[in-house]
Amino acid sequence: AVIGAFARAAAGILGPGLGKDEGSFRLAREVAGAVEAPLLIDADGLNSFAGQLGLLADRPAPTVLTPHAGELGRLLERPSDEIARHRLAAAKEAARLAGAIVVLKGDDTIVTDGERVAVNAVSAPALATAGTGDVLSGIGAALLARARDPYTAICAAVLAHARAGREAAA
């Protein structure tokens with residue numbers, strides 16, 4: 001039923017609200033492998049691929065991962081403080097391993113496909129709040145569904161999200 005729902009979508013989001021049990025993680029890995037639409041993976045969807053980023057490399061459609069430093073640390077099996085010290089290198093490594101676009105969230109959100117790199121220059125401290133990553137996921141998937149270039153779409157989503165965060169805080 002889940003894979004069928006994705007079959008009708010122009011893009012999808014996998015992870016928010018999924019849960020941290022092994023059954024949920026297996027479901028996420030199965031869905032990610034079967035969905036042929038662009039897929040943005042966040043939250044517990046990311047945790048499903050801890051130490052297993054290579055499972056995403058053969059997806060037939062664009063994949064976007066939106067971790068914070070702790071989640072990226074789990075994906076790469078490294079402490080989050082090491083990720084924090086080497087944010088760009090870690091994001092590029094994850095992008096290459098997964099064949100994905102990585103959005104490493106933080107004060108200087110990084111977007112990379114392993115080659116190209118963009119850094120968000122719009123400061124939005126209000127986004128350091130639970131639930132705001134879900135908003136980024138929604139904006140990102142919406143733009144992925146309509147974009148010719150997934151990398152540009154995700155860069156635009158990060159910028160729109162930061163601007164909205166600033167407006168909401170004001």
# chains A, B, ... in the order shown; residues from 1 in each chain; ligands from 1
>>> closest_atom_pairs(of="segment 20-68 of chain A", to="segment 124-137 of chain A", cutoff="12 Å", atoms="only C-alpha atoms", output="JSON lines")
{"residue": "A:Leu39", "atom": "CA", "partner": "A:Ser137", "partner_atom": "CA", "distance": 10.0}
{"residue": "A:Leu40", "atom": "CA", "partner": "A:Ser137", "partner_atom": "CA", "distance": 6.8}
{"residue": "A:Ile41", "atom": "CA", "partner": "A:Ser137", "partner_atom": "CA", "distance": 8.0}
{"residue": "A:Asp42", "atom": "CA", "partner": "A:Ser137", "partner_atom": "CA", "distance": 7.2}
{"residue": "A:Ala43", "atom": "CA", "partner": "A:Gly133", "partner_atom": "CA", "distance": 8.3}
{"residue": "A:Asp44", "atom": "CA", "partner": "A:Asp134", "partner_atom": "CA", "distance": 11.6}
{"residue": "A:Gly45", "atom": "CA", "partner": "A:Ser137", "partner_atom": "CA", "distance": 11.8}
{"residue": "A:Val64", "atom": "CA", "partner": "A:Ser137", "partner_atom": "CA", "distance": 9.5}
{"residue": "A:Leu65", "atom": "CA", "partner": "A:Ser137", "partner_atom": "CA", "distance": 9.5}
{"residue": "A:Thr66", "atom": "CA", "partner": "A:Ser137", "partner_atom": "CA", "distance": 7.8}
{"residue": "A:Pro67", "atom": "CA", "partner": "A:Gly133", "partner_atom": "CA", "distance": 9.0}
{"residue": "A:His68", "atom": "CA", "partner": "A:Gly133", "partner_atom": "CA", "distance": 9.2}
>>> select_by_dssp(residues="segment 3-129 of chain A", states="helix (DSSP H, G or I)", output="NGL selection string")
:A and (3-7 or 22-34 or 43-47 or 53-56 or 69-76 or 80-85 or 87-98 or 125-127)
>>> residues_around(residues="segment 109-122 of chain A", least_positions_apart="2", cutoff="8 Å", atoms="only C-alpha atoms", output="list in words")
Leu88, Ala91, Lys92, Glu93, Ala94, Ala95, Arg96, Gly99, Ala100, Ile101, Val102, Val103, Leu104, Lys105, Gly106, Asp107, Ala124, Tyr151, Ile154, Cys155, Val158, Leu159, Ala162 and Arg163 of chain A
>>> atom_distance(atom1="atom CA of Asp58 of chain A", atom2="atom CA of Phe25 of chain A")
18.3 Å
>>> atom_distance(atom1="atom CA of Leu18 of chain A", atom2="atom CA of Glu30 of chain A")
13.3 Å
>>> select_by_dssp(residues="chain A", states="strand (DSSP E or B)", output="ChimeraX atom specification")
/A:12-14,39-41,63-65,101-104,110-112,117-119
>>> residues_around(residues="Ala7 of chain A", least_positions_apart="5", cutoff="8 Å", atoms="only C-alpha atoms", output="number ranges by chain")
A: 35-37
>>> write_last_selection(atoms="N, CA, C and O atoms", output="compact mmCIF listing (two decimals), in the first residue's frame")
# COMPACT_ATOMS: atom_id res chain seq x y z
N VAL A 35 10.62 2.77 -4.83
CA VAL A 35 9.99 3.99 -5.34
C VAL A 35 10.80 4.54 -6.52
O VAL A 35 12.01 4.70 -6.42
N GLU A 36 10.11 4.82 -7.61
CA GLU A 36 10.78 5.31 -8.81
C GLU A 36 10.68 6.82 -8.96
O GLU A 36 11.24 7.38 -9.90
N ALA A 37 10.03 7.49 -8.03
CA ALA A 37 9.91 8.94 -8.05
C ALA A 37 11.05 9.56 -7.23
O ALA A 37 11.66 8.89 -6.40
>>> residues_around(residues="Phe6 of chain A", least_positions_apart="2", cutoff="10 Å", atoms="only C-alpha atoms", output="PDB file with C-alpha atoms, in the first residue's frame")
ATOM      1  CA  ALA A   1       0.000   0.000   0.000  1.00  0.00           C
ATOM      2  CA  VAL A   2       2.826   2.433   0.841  1.00  0.00           C
ATOM      3  CA  ILE A   3       4.731   1.729  -2.369  1.00  0.00           C
ATOM      4  CA  GLY A   4       1.474   2.022  -4.332  1.00  0.00           C
ATOM      5  CA  ARG A   8       1.110   7.902  -8.002  1.00  0.00           C
ATOM      6  CA  ALA A   9       3.353  10.705  -6.696  1.00  0.00           C
ATOM      7  CA  ALA A  10       5.624  13.041  -8.630  1.00  0.00           C
ATOM      8  CA  ALA A  11       7.934  13.074  -5.550  1.00  0.00           C
ATOM      9  CA  GLY A  12       7.774  11.785  -2.011  1.00  0.00           C
ATOM     10  CA  ILE A  13       9.028  12.178   1.542  1.00  0.00           C
ATOM     11  CA  LEU A  14      10.160   9.227   3.626  1.00  0.00           C
ATOM     12  CA  VAL A  31      10.218   1.655   0.055  1.00  0.00           C
ATOM     13  CA  ALA A  32      13.361   3.599  -0.903  1.00  0.00           C
ATOM     14  CA  ALA A  34      11.138   0.390  -4.848  1.00  0.00           C
ATOM     15  CA  VAL A  35       9.991   3.993  -5.345  1.00  0.00           C
ATOM     16  CA  GLU A  36      10.775   5.312  -8.811  1.00  0.00           C
ATOM     17  CA  ALA A  37       9.912   8.943  -8.049  1.00  0.00           C
ATOM     18  CA  PRO A  38      12.291  11.523  -6.578  1.00  0.00           C
ATOM     19  CA  LEU A  39      12.511  10.869  -2.855  1.00  0.00           C
TER      20      LEU A  39
END
>>> atom_distance(atom1="atom CA of Leu76 of chain A", atom2="atom CA of Leu55 of chain A")
13.0 Å
